[in-house]
Amino acid sequence: MEYLIRFAQAHESFRQAEIQALADLAGVKLEFIHYDKNSPFCTIRLPDEAAARAVITRSIIAKDIFELWGQGTNFDEVYADVRRRTEDRWAQYRDSSFRFTIDSFAGKRSSEKKREIIQSFSFLGFKGPIRMKNPDQDFWVFEDYGLDLNSPGTPRPEGQEPKIIYFGRWIANSSRDVVNKYDLKKRRYISTTSMDAELTLITANMAHAAPGKLFYDPFVGTGSFLVAMSHFGAETFGSDIDGRSFRGKEMMERGGTMGVLSNFQQYDMVGKFMDVFTSDLTNTPLRSAQFLDGIICDPPYGIREGLRVLGRREGLRNEEVIIDGVPAHYRPGYIAPKKPYGFEAMLNDILNFAVRSLVTNGRLAMWMPTANDEEVELAVPMHPNLEVVNVSVQPFYTWSRRLITYRRLPEGQVSDVSKGRQKLDAQGMYADELNEFRRKYFMKNPPDSSKSGRESSAS
Amino acid sequence: MKLITVNFLTCAVKGCKTAAASYPLHFRDAELELQELEFQPEFILNIIPRIDWEALRVMANELGFPKIPDTKPEGDALKDEQLLKELHRLLLETQVVEGRLCCGNCGHEYMIKEGIANFLLPSHLGLIFLSVKLVLDFADPAQSKYTKV
C-alpha cells in the first residue's frame, strides 16, 4: 500500500532518517517512493495500515499519515487515479460520517474554490453525514504549489495551479504535539547547554528508546536526553564529569531536589529515572559488559569550554597529597584535577565505550560539530564494530552540527571504516592544539576583543 | 544510587578492571531508602539476563536483604510475578542515599552523598601505573585507616 506522510518543514535532513528509524524499530519494511526536501509531502510504501500507524505514532518531525487514494499534476489525473486505486472500496465507506479538508502548501485557494474542489469528489458516492468533528473518515486534498526558493516564506499568489495534488484518507497523527509538552521554557531545570525538546525527542527516536530498554548518557548535564528517552519508555541513567551540572543550584544551595530528578517529577515519570553519578568517560566505573540498549550523547565540543579529563598535565606533580594525615581526596570539597583532552581522542573513547557496552543491535546516537565550509569538514568517526546507520545535519549560520547514529554489529560482522579517521591526539597539551574544530571555529569567528581593548586603553 | 546501577559498576581505576576482587564494589555504612515506583515488568525481564547474579547476591547479603534465589531466574521462573516484583523492589526501588562504595582490590572508596556517587579519581589513581606503596596501603579495606573520615 502507498501512504502519504505530511512533514513539518523543520530539520529537513532528519525527516527521512527519523521515519526510517521508526520503521526499523517497528520491524516493518518501508520504501520511499517520492521525497522532495522542499515539500512537506512524501509518499512511501508500507505493508499495511497497522504498519503506517506504528511508524507514525512516535514521529516528531512528521505531522500525520494518510492512505494515498490518488495523485496527479491536475485534478482530472487525481480523479482517474482515485478511481483506479480505490473504486472497489467506496461502498465500504458509503454510510460513514466524513469530512473533507484542503491543505495548500506554498499557495492558496479562495473558500469558494475550495468548496468547488470538494464537490468535485462527489463521484465517490458517500451518503453518510458530513461531520466536522470526529468524523468516521477524514479525507484530505493536498496541493503542493512548489516552494518559491527566492521567498520561501510567502505563498504563491492566488490563481496559480498546484504542481502536484494528492488525495488521501487520514490514518494517524504523529507525536509532534509532545514537543510542546517538553518545551524547555516550561521545564523546571535547564541550563544554557540543554538541547531543545524537538531535537532530543528525534534523537531518542533515532536511537530506538522504548519501554523495557536501558539507556545511558555519558555527558548528562541537565538531563535533557534522559527526559526524551524516558518519554518513549526507556529506563535512563547518566553521568557527568561535573556533578554540579545535574545537581543544580536548588540542591546545592538549599538542599532541594536534584535538578535532573525534578524534571522527571514534573513530567510524572520518576519510575523511569535510574541514576546519575559523577564520573569521567576515560576512567568510567561502568563494567566492561554489553548491558546497554542505547547511548545518546552530545559531547562537549570545546567551544564554550575547553575539554577536560581527569589527570594532570605532564610535568606537574602527581603524588598522593596528604593533609593533616588524611589523603586529600577523602577530604570534603576535594576537586579532582583535570587536564585538557583532545576532541578526537574523546570521540574515539566514546566509540570504544559504545562497542564494549551496547548489546547487539543497540544504538549510539551522538551529536558532533561539522561545518558548512569544506575546509572545516571533520570526518565521521568510525569503528569496525559499529555500522553508521545515518548522518543528519543541522546547519547554523557559521557552523553546523550533525547527529550520527550507529548500530552495534553482531560479533563477527565488521563495517567498512576506510572512510573514517584514525587519529589519536591524546598527546597534545592545550585545548587549541588538541581540538581541530575549536581552532578552526575561532579562526573563522575571532573572539571580539576590539571592544574591551579599546575602552580600557582610552580610560 | 540504586542497587541496579551498582551491579553495572566496578572500580574506576584502570588497573583494577582486570582484577576479580574489584567487582562487585562493597558498601560501607550504607544508609538505605525505599521509594515505591511503578512496577515495570518489561524492564525487569529485559535486564535480568544482563545482571551479574553472583554480584547481586553478594550485595544483597552485605546489605542484609532477605536471600534472593541462588541462581538467576530463567524460563518459567520469570512468569512468577511476585519474584519480578521483589526484584523490581530490590533493583530499582532501593537506594543508597549516604555511604561509600569500596573496591576490594585497591581499597579506594567512592563517596555517596544525597544519593549521588562520585567516581572521579584523584590524579595518582587516574593513571594506569599504581605505585607499590599505594597498593599495600589500600590492600585490605578492613584495615584502611581512612574509612573513619
# chains A, B, ... in the order shown; residues from 1 in each chain; ligands from 1
>>> residues_around(residues="region 217-229 of chain A", least_positions_apart="6", cutoff="6 Å", atoms="only C-alpha atoms", output="VMD selection string")
chain A and resid 190 200 to 201 204 209 236 238 to 240 245 to 246 260 295 to 297
>>> write_last_selection(atoms="C-alpha atoms", output="short mmCIF file (atom, residue, chain, number, x, y, z; two decimals), in the first residue's frame")
data_model
loop_
_atom_site.label_atom_id
_atom_site.label_comp_id
_atom_site.auth_asym_id
_atom_site.auth_seq_id
_atom_site.Cartn_x
_atom_site.Cartn_y
_atom_site.Cartn_z
CA ILE A 190 17.66 23.58 32.37
CA THR A 200 16.20 15.42 21.92
CA LEU A 201 13.00 13.55 21.07
CA ALA A 204 15.61 9.28 21.12
CA ALA A 209 14.47 4.36 23.01
CA THR A 236 17.61 6.02 31.83
CA GLY A 238 23.63 9.33 33.10
CA SER A 239 26.89 10.65 34.37
CA ASP A 240 28.89 13.82 34.08
CA SER A 245 25.50 20.14 36.20
CA PHE A 246 22.92 17.54 37.20
CA VAL A 260 17.54 16.23 36.82
CA ILE A 295 23.66 5.54 24.32
CA ILE A 296 22.76 9.10 23.48
CA CYS A 297 25.18 11.94 23.89
#
>>> residues_around(residues="Phe123 (chain A)", least_positions_apart="4", cutoff="12 Å", atoms="only C-alpha atoms", output="compact mmCIF listing (two decimals) with C-alpha atoms, in the first residue's frame")
# COMPACT_ATOMS: atom_id res chain seq x y z
CA TYR A 79 -9.90 11.59 -10.11
CA ALA A 80 -8.69 8.92 -12.52
CA VAL A 82 -8.54 7.59 -7.19
CA ARG A 83 -10.92 5.58 -9.35
CA GLU A 87 -13.18 2.23 -6.65
CA TRP A 90 -16.02 3.17 -2.00
CA ALA A 91 -19.02 1.14 -0.91
CA ARG A 94 -20.72 4.81 1.81
CA ILE A 117 -12.94 21.17 -5.32
CA ILE A 118 -14.63 19.25 -2.50
CA GLN A 119 -17.86 19.00 -4.55
CA LYS A 127 -24.04 9.08 1.55
>>> closest_residue(among="A:Val270, A:Ile322, A:Leu409, A:Leu378", to="chain B", atoms="only C-alpha atoms")
A:Val270
>>> residues_around(residues="region 77-79 of chain B", least_positions_apart="4", cutoff="12 Å", atoms="only C-alpha atoms", output="VMD selection string")
chain B and resid 41 to 42 44 to 49 69 71 to 73 83 to 87
>>> closest_residue(among="A:Met206, A:Asp293, A:Pro157, A:Phe232", to="Val389 (chain A)", atoms="only C-alpha atoms")
A:Met206
